[in-house]
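K.L.:
Got a file for you: structure.cif, mmCIF, C-alpha atoms.
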data_entry
#
loop_
_atom_site.label_atom_id
_atom_site.label_comp_id
_atom_site.auth_asym_id
_atom_site.auth_seq_id
_atom_site.Cartn_x
_atom_site.Cartn_y
_atom_site.Cartn_z
CA MET A 1 16.08 14.63 -15.49
CA ASP A 2 12.96 13.42 -17.33
CA LEU A 3 9.55 13.59 -15.61
CA GLU A 4 8.58 10.28 -17.20
CA ASP A 5 11.67 8.72 -15.60
CA LEU A 6 10.41 9.99 -12.25
CA ARG A 7 6.94 8.60 -12.90
CA ALA A 8 8.41 5.21 -13.79
CA PHE A 9 10.43 5.21 -10.56
CA THR A 10 7.62 6.34 -8.22
CA GLU A 11 5.12 3.91 -9.74
CA THR A 12 7.58 1.03 -9.32
CA VAL A 13 8.13 1.89 -5.65
CA ARG A 14 4.41 2.17 -4.94
CA ARG A 15 3.58 -1.14 -6.63
CA GLY A 16 6.70 -3.03 -5.58
CA SER A 17 7.07 -4.45 -9.06
CA LEU A 18 8.54 -3.37 -12.38
CA SER A 19 5.94 -5.35 -14.30
CA GLU A 20 3.03 -3.84 -12.30
CA ALA A 21 4.42 -0.35 -12.86
CA ALA A 22 4.85 -1.03 -16.57
CA ALA A 23 1.23 -2.14 -16.87
CA ALA A 24 -0.04 0.92 -14.97
CA LEU A 25 2.00 3.31 -17.13
CA ALA A 26 1.28 1.49 -20.41
CA MET A 27 5.01 0.94 -20.94
CA SER A 28 7.04 -2.19 -21.48
CA GLN A 29 8.95 -3.53 -18.49
CA PRO A 30 12.34 -2.96 -20.19
CA THR A 31 11.36 0.69 -20.75
CA VAL A 32 10.52 1.16 -17.05
CA SER A 33 13.77 -0.54 -16.03
CA ARG A 34 15.77 1.59 -18.49
CA ARG A 35 14.23 4.81 -17.16
CA ILE A 36 15.08 3.89 -13.56
CA ARG A 37 18.64 2.94 -14.46
CA ARG A 38 19.00 6.30 -16.20
CA LEU A 39 18.03 8.03 -12.95
CA GLU A 40 20.52 5.89 -11.03
CA ALA A 41 23.25 6.79 -13.51
CA GLU A 42 22.44 10.52 -13.16
CA LEU A 43 22.49 10.36 -9.35
CA GLY A 44 25.43 7.96 -9.12
CA GLN A 45 23.75 5.66 -6.59
CA PRO A 46 21.28 2.75 -6.53
CA LEU A 47 17.64 3.69 -6.01
CA LEU A 48 16.09 0.22 -5.79
CA GLU A 49 16.87 -3.07 -4.07
CA ARG A 50 16.40 -5.62 -6.85
CA THR A 51 17.73 -8.76 -5.14
CA ARG A 52 14.45 -9.60 -3.38
CA PRO A 53 11.14 -10.89 -4.75
CA ALA A 54 9.63 -7.45 -4.15
CA VAL A 55 11.36 -4.32 -5.41
CA ALA A 56 12.01 -1.86 -2.56
CA PRO A 57 13.59 1.61 -2.46
CA THR A 58 17.01 2.26 -0.95
CA ARG A 59 17.48 5.21 1.40
CA SER A 60 18.55 7.26 -1.63
CA GLY A 61 15.43 6.03 -3.38
CA LEU A 62 13.27 7.27 -0.52
CA ARG A 63 14.90 10.69 -0.67
CA LEU A 64 14.21 10.76 -4.39
CA MET A 65 10.58 9.71 -3.75
CA ALA A 66 10.07 12.81 -1.61
CA VAL A 67 11.60 15.04 -4.30
CA ALA A 68 9.85 13.23 -7.16
CA ASP A 69 6.42 13.47 -5.54
CA ARG A 70 6.90 17.20 -5.00
CA LEU A 71 8.22 17.82 -8.52
CA LEU A 72 5.38 15.88 -10.14
CA ARG A 73 2.77 17.66 -8.02
CA GLU A 74 4.31 21.06 -8.80
CA TRP A 75 4.48 20.27 -12.51
CA GLU A 76 0.80 19.28 -12.48
CA ALA A 77 -0.03 22.45 -10.52
CA LEU A 78 1.85 24.60 -13.05
CA ARG A 79 0.19 22.82 -15.93
CA ASP A 80 -3.26 23.30 -14.37
CA GLY A 81 -2.63 26.87 -13.21
CA ALA A 82 -2.93 25.96 -9.51
CA ALA A 83 -0.87 27.21 -6.57
CA LEU A 84 2.37 25.36 -5.87
CA PRO A 85 2.42 23.27 -2.71
CA GLY A 86 4.86 24.26 0.01
CA GLU A 87 8.08 22.34 0.46
CA ARG A 88 8.47 20.01 3.42
CA SER A 89 11.54 18.21 4.68
CA ALA A 90 11.33 14.68 6.01
CA THR A 91 13.27 13.17 8.91
CA LEU A 92 11.05 10.16 9.65
CA HIS A 93 10.43 7.70 6.81
CA VAL A 94 7.18 5.76 7.29
CA ALA A 95 6.30 2.99 4.84
CA ALA A 96 2.75 1.62 4.62
CA SER A 97 0.96 -0.96 2.56
CA THR A 98 -2.02 0.39 0.70
CA THR A 99 -4.81 -0.35 3.20
CA PRO A 100 -3.21 1.24 6.30
CA GLY A 101 -1.50 3.77 4.02
CA GLU A 102 -4.88 5.03 2.85
CA SER A 103 -7.02 4.51 5.96
CA LEU A 104 -4.87 4.62 9.11
CA ALA A 105 -1.40 6.11 8.67
CA PRO A 106 -2.30 9.59 7.31
CA GLU A 107 -4.42 10.53 10.32
CA LEU A 108 -1.85 9.18 12.80
CA LEU A 109 0.98 11.02 11.07
CA THR A 110 -0.98 14.27 11.06
CA ARG A 111 -1.62 14.02 14.80
CA PHE A 112 1.97 12.99 15.51
CA ALA A 113 3.38 15.93 13.54
CA ARG A 114 1.07 18.31 15.41
CA HIS A 115 2.46 17.12 18.76
CA ASN A 116 6.05 16.76 17.54
CA PRO A 117 6.81 19.81 15.38
CA ALA A 118 10.54 19.03 15.28
CA VAL A 119 9.88 15.76 13.44
CA ARG A 120 8.84 15.86 9.79
CA PRO A 121 7.36 12.49 8.83
CA HIS A 122 7.10 11.33 5.23
CA LEU A 123 4.66 8.59 4.21
CA HIS A 124 5.57 6.14 1.43
CA VAL A 125 2.72 3.87 0.27
CA MET A 126 3.86 0.64 -1.38
CA ASN A 127 3.21 -3.09 -1.68
CA SER A 128 3.23 -5.05 1.63
CA ALA A 129 6.29 -7.08 0.66
CA SER A 130 8.12 -3.86 -0.21
CA VAL A 131 7.23 -2.33 3.18
CA GLU A 132 8.82 -5.29 4.92
CA GLU A 133 11.91 -5.03 2.74
CA CYS A 134 12.19 -1.27 3.23
CA VAL A 135 11.96 -1.42 7.04
CA GLY A 136 14.11 -4.55 7.28
CA ALA A 137 16.87 -2.90 5.24
CA ARG A 138 16.55 0.29 7.37
CA HIS A 139 15.69 2.44 4.39
CA CYS A 140 12.40 3.17 6.18
CA ASP A 141 12.27 3.82 9.93
CA VAL A 142 8.85 2.25 10.65
CA GLY A 143 6.07 0.71 8.63
CA PHE A 144 2.41 -0.30 8.63
CA LEU A 145 1.35 -3.74 7.37
CA GLY A 146 -1.87 -5.66 7.00
CA TRP A 147 -0.03 -8.97 7.35
CA PRO A 148 2.57 -10.24 9.87
CA PRO A 149 6.13 -9.73 8.59
CA ARG A 150 8.13 -12.82 7.74
CA SER A 151 11.46 -11.37 8.81
CA ARG A 152 12.65 -11.96 12.37
CA ARG A 153 14.49 -8.65 12.14
CA LEU A 154 11.17 -6.85 12.51
CA ARG A 155 8.98 -6.34 15.55
CA ALA A 156 5.24 -6.06 14.90
CA ILE A 157 2.67 -4.36 17.14
CA PRO A 158 -1.10 -4.69 16.49
CA VAL A 159 -2.57 -1.17 16.42
CA ALA A 160 -5.97 -1.62 14.73
CA GLU A 161 -8.41 -4.23 13.43
CA ASP A 162 -9.43 -4.49 9.80
CA GLU A 163 -12.15 -6.45 8.02
CA VAL A 164 -11.88 -7.48 4.38
CA VAL A 165 -15.15 -7.35 2.41
CA LEU A 166 -16.27 -7.67 -1.19
CA ALA A 167 -16.62 -4.39 -3.11
CA CYS A 168 -19.37 -4.44 -5.75
CA PRO A 169 -20.49 -1.96 -8.42
CA VAL A 170 -23.54 0.15 -7.61
CA GLY A 171 -26.61 -1.73 -8.75
CA HIS A 172 -24.97 -5.16 -8.55
CA PRO A 173 -27.37 -7.83 -7.20
CA PHE A 174 -25.02 -8.52 -4.28
CA ALA A 175 -25.17 -4.89 -3.10
CA ALA A 176 -28.85 -5.12 -2.18
CA ARG A 177 -28.28 -8.25 -0.10
CA GLY A 178 -25.54 -7.03 2.24
CA THR A 179 -24.23 -10.56 2.83
CA ILE A 180 -23.65 -13.48 0.49
CA ALA A 181 -22.23 -16.99 0.69
CA LEU A 182 -18.86 -17.91 -0.76
CA GLY A 183 -20.57 -20.11 -3.32
CA ASP A 184 -22.43 -17.08 -4.69
CA LEU A 185 -19.16 -15.97 -6.29
CA ALA A 186 -19.44 -18.81 -8.80
CA GLY A 187 -19.37 -17.37 -12.31
CA GLU A 188 -18.62 -13.82 -11.14
CA ARG A 189 -15.90 -11.63 -12.65
CA LEU A 190 -13.42 -11.40 -9.76
CA LEU A 191 -10.72 -8.74 -9.39
CA LEU A 192 -7.75 -9.57 -7.17
CA ARG A 193 -5.04 -7.53 -5.52
CA GLU A 194 -1.49 -8.15 -6.71
CA PRO A 195 0.68 -10.97 -5.22
CA GLY A 196 2.32 -9.69 -2.03
CA SER A 197 -0.75 -7.68 -1.01
CA GLY A 198 -1.79 -8.07 2.63
CA THR A 199 -5.45 -8.01 1.59
CA ARG A 200 -4.93 -10.89 -0.81
CA ARG A 201 -2.96 -12.84 1.80
CA ALA A 202 -5.74 -12.33 4.36
CA VAL A 203 -8.35 -13.76 1.98
CA GLU A 204 -6.10 -16.70 1.06
CA ALA A 205 -5.41 -17.39 4.76
CA ALA A 206 -9.13 -17.33 5.61
CA LEU A 207 -9.85 -19.77 2.79
CA ALA A 208 -7.04 -22.09 3.89
CA ALA A 209 -8.19 -22.00 7.53
CA ALA A 210 -11.71 -22.94 6.46
CA GLY A 211 -10.42 -25.67 4.13
CA ARG A 212 -12.10 -24.00 1.17
CA THR A 213 -11.22 -22.48 -2.19
CA LEU A 214 -12.81 -19.81 -4.35
CA PRO A 215 -15.60 -21.24 -6.51
CA PRO A 216 -15.12 -21.27 -10.29
CA HIS A 217 -15.11 -17.66 -11.45
CA THR A 218 -13.88 -15.43 -14.27
CA PRO A 219 -10.54 -13.74 -13.45
CA ALA A 220 -11.00 -10.04 -14.21
CA GLY A 221 -7.45 -8.87 -13.48
CA GLU A 222 -4.94 -8.10 -10.72
CA MET A 223 -4.84 -4.55 -9.39
CA GLY A 224 -1.83 -2.87 -7.76
CA GLY A 225 -3.57 -1.09 -4.89
CA SER A 226 -6.95 -0.71 -3.23
CA ARG A 227 -7.81 2.50 -5.08
CA ALA A 228 -7.07 0.88 -8.44
CA LEU A 229 -9.25 -2.10 -7.56
CA LEU A 230 -12.11 0.14 -6.38
CA ALA A 231 -11.89 2.17 -9.59
CA ALA A 232 -12.14 -1.04 -11.63
CA VAL A 233 -15.12 -2.16 -9.54
CA ALA A 234 -16.83 1.21 -10.03
CA ALA A 235 -16.27 0.87 -13.79
CA GLY A 236 -18.12 -2.42 -13.76
CA GLN A 237 -15.14 -4.68 -14.45
CA GLY A 238 -16.02 -7.04 -11.60
CA VAL A 239 -16.12 -7.46 -7.82
CA GLY A 240 -13.08 -7.60 -5.54
CA PHE A 241 -11.84 -7.90 -1.98
CA VAL A 242 -10.82 -4.70 -0.16
CA SER A 243 -10.69 -3.29 3.36
CA ALA A 244 -14.09 -2.39 4.82
CA SER A 245 -12.66 1.05 5.67
CA LEU A 246 -12.29 1.78 1.94
CA ALA A 247 -15.04 -0.29 0.34
CA GLY A 248 -17.96 2.16 0.30
CA PRO A 249 -21.72 1.53 0.56
CA SER A 250 -21.95 -1.26 -2.02
CA ALA A 251 -19.69 -3.65 -0.08
CA VAL A 252 -20.97 -7.04 1.09
CA ARG A 253 -19.70 -9.59 3.59
CA LEU A 254 -19.29 -13.31 3.09
CA ALA A 255 -21.49 -14.87 5.76
CA ASP A 256 -19.57 -18.16 5.74
CA LEU A 257 -16.07 -16.69 5.32
CA PRO A 258 -15.42 -13.72 7.63
CA VAL A 259 -12.02 -12.16 6.92
CA HIS A 260 -10.48 -10.18 9.79
CA ARG A 261 -6.86 -9.17 10.29
CA PRO A 262 -4.83 -6.88 12.54
CA LEU A 263 -3.13 -3.81 11.12
CA LEU A 264 0.43 -3.81 12.39
CA LEU A 265 3.07 -1.20 13.14
CA VAL A 266 6.49 -2.68 12.38
CA HIS A 267 9.99 -1.48 13.18
CA HIS A 268 13.46 -2.95 13.28
CA ALA A 269 14.12 -4.99 16.39
CA ARG A 270 17.36 -3.15 17.17
CA ASN A 271 18.68 0.40 17.26
CA VAL A 272 15.45 2.23 16.48
CA PRO A 273 16.12 5.97 15.80
CA ALA A 274 14.80 8.44 18.37
CA ALA A 275 12.15 9.91 16.05
CA ALA A 276 10.92 6.43 15.17
CA ARG A 277 10.76 5.45 18.86
CA ALA A 278 8.69 8.54 19.56
CA PHE A 279 6.32 7.65 16.74
CA VAL A 280 5.99 4.03 17.89
CA ASP A 281 5.15 5.21 21.43
CA PHE A 282 2.61 7.68 20.04
CA VAL A 283 0.86 5.08 17.87
CA VAL A 284 0.74 2.49 20.66
CA ALA A 285 -0.76 5.06 23.03
CA ALA A 286 -3.34 6.04 20.39
CA ALA A 287 -4.24 2.37 19.84
CA LEU A 288 -4.74 1.79 23.57
CA ALA A 289 -6.88 4.92 23.87
CA ALA A 290 -9.10 3.74 20.99
CA ARG A 291 -9.96 0.40 22.64
#
Would you give me this structure, written as structure tokens?
P.N.:
Amino acid sequence: MDLEDLRAFTETVRRGSLSEAAAALAMSQPTVSRRIRRLEAELGQPLLERTRPAVAPTRSGLRLMAVADRLLREWEALRDGAALPGERSATLHVAASTTPGESLAPELLTRFARHNPAVRPHLHVMNSASVEECVGARHCDVGFLGWPPRSRRLRAIPVAEDEVVLACPVGHPFAARGTIALGDLAGERLLLREPGSGTRRAVEAALAAAGRTLPPHTPAGEMGGSRALLAAVAAGQGVGFVSASLAGPSAVRLADLPVHRPLLLVHHARNVPAAARAFVDFVVAAALAAR
């Protein structure tokens, strides 16, 4: 098994797209696809669902994600002379889109594991569309989304509120103002999240509800994840929309286009496994206590 094959696979799962993974890894899309098919041939089972608009992992793919993440971390630790991380088994598969996967899910999973030592949760961060596919196909037990699922197979429970703001580089004229108008974006270099992102959908929905469009601007690229977008912003490539929980001190709000959305816990409408039911109950209780 080749470590670069594993990187191609894990990057594809996280981004929900072969082309996005190829761009992130500086490979061609056929190369990424060939590496994943080589893994599937070695394991004798499919690792990705490719029949949907968004690529999503199968249950075997999720098991490989857990192993691949550990192997890649241990390889990096060996290479850097660091201590190897301890092994952990997973019995509860939790998928999350990037915003709740980076801001909400980790803390909830840590608290849940502390109170439920017999359950070993595993968090898989991926594109919003892939989260919906993964939970809908029962490869994941529960998921977190920043946008209502389209599938009627899934039940969604609001568990937190999120605000989308504009992240700006330090020293940008917007940063000193705190709030701007939508029209101020005219002529700016604008970074966007990838299609299928809940953050991007929230901005598009707010624009549609207000009967407005983005002013003429310079497209500065599409980024597969909040962290990637924030890194591009910090490097001065442009400004971009992200969750307020991740944006940092240089974020600004659009005074005439507030963007708010619920963060949702989603699970299959029928036959929810016991561990998943326990987690759903825990998260709902935590959300009620936080109000």
K.L.:
For a quick check of understanding, using all atoms listed in the file, which of A:Val266, A:Ala186, A:Leu104, A:Ala118 has the smallest distance to Trp147 of chain A?
P.N.:
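Smallest distance to Trp147 of chain A is found for A:Val266.
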K.L.:
Between A:Pro46, A:Gly171, A:Pro219, A:Gly225, single out the one closest to Glu194 of chain A, counting only C-alpha atoms.
P.N.:
A:Gly225
K.L.:
On this structure, which residues satisfy the PyMOL selection byres ((chain A and resi 291) around 12), written as JSON, numbers by chain?
P.N.:
{"A": [158, 159, 160, 161, 284, 285, 286, 287, 288, 289, 290]}
K.L.:
Given the file above and the PyMOL selection byres ((chain A and resi 180) around 9), which residues are selected, and can you give them as a ChimeraX atom specification?
P.N.:
/A:174,177-179,181-185,252-256
K.L.:
Write the residues of the preceding selection, restricted to C-alpha atoms, as a short mmCIF file (atom, residue, chain, number, x, y, z; two decimals), keeping the file's coordinate frame.
P.N.:
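Everything below was put into result-v4.cif:
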data_model
loop_
_atom_site.label_atom_id
_atom_site.label_comp_id
_atom_site.auth_asym_id
_atom_site.auth_seq_id
_atom_site.Cartn_x
_atom_site.Cartn_y
_atom_site.Cartn_z
CA PHE A 174 -25.02 -8.52 -4.28
CA ARG A 177 -28.28 -8.25 -0.10
CA GLY A 178 -25.54 -7.03 2.24
CA THR A 179 -24.23 -10.56 2.83
CA ALA A 181 -22.23 -16.99 0.69
CA LEU A 182 -18.86 -17.91 -0.76
CA GLY A 183 -20.57 -20.11 -3.32
CA ASP A 184 -22.43 -17.08 -4.69
CA LEU A 185 -19.16 -15.97 -6.29
CA VAL A 252 -20.97 -7.04 1.09
CA ARG A 253 -19.70 -9.59 3.59
CA LEU A 254 -19.29 -13.31 3.09
CA ALA A 255 -21.49 -14.87 5.76
CA ASP A 256 -19.57 -18.16 5.74
#
K.L.:
Counting only C-alpha atoms, which residue out of A:Cys134, A:Val242, A:Leu264, A:Ala156 sits closest to Ser197 of chain A?
P.N.:
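Selected residue with least distance to Ser197 of chain A: A:Val242.
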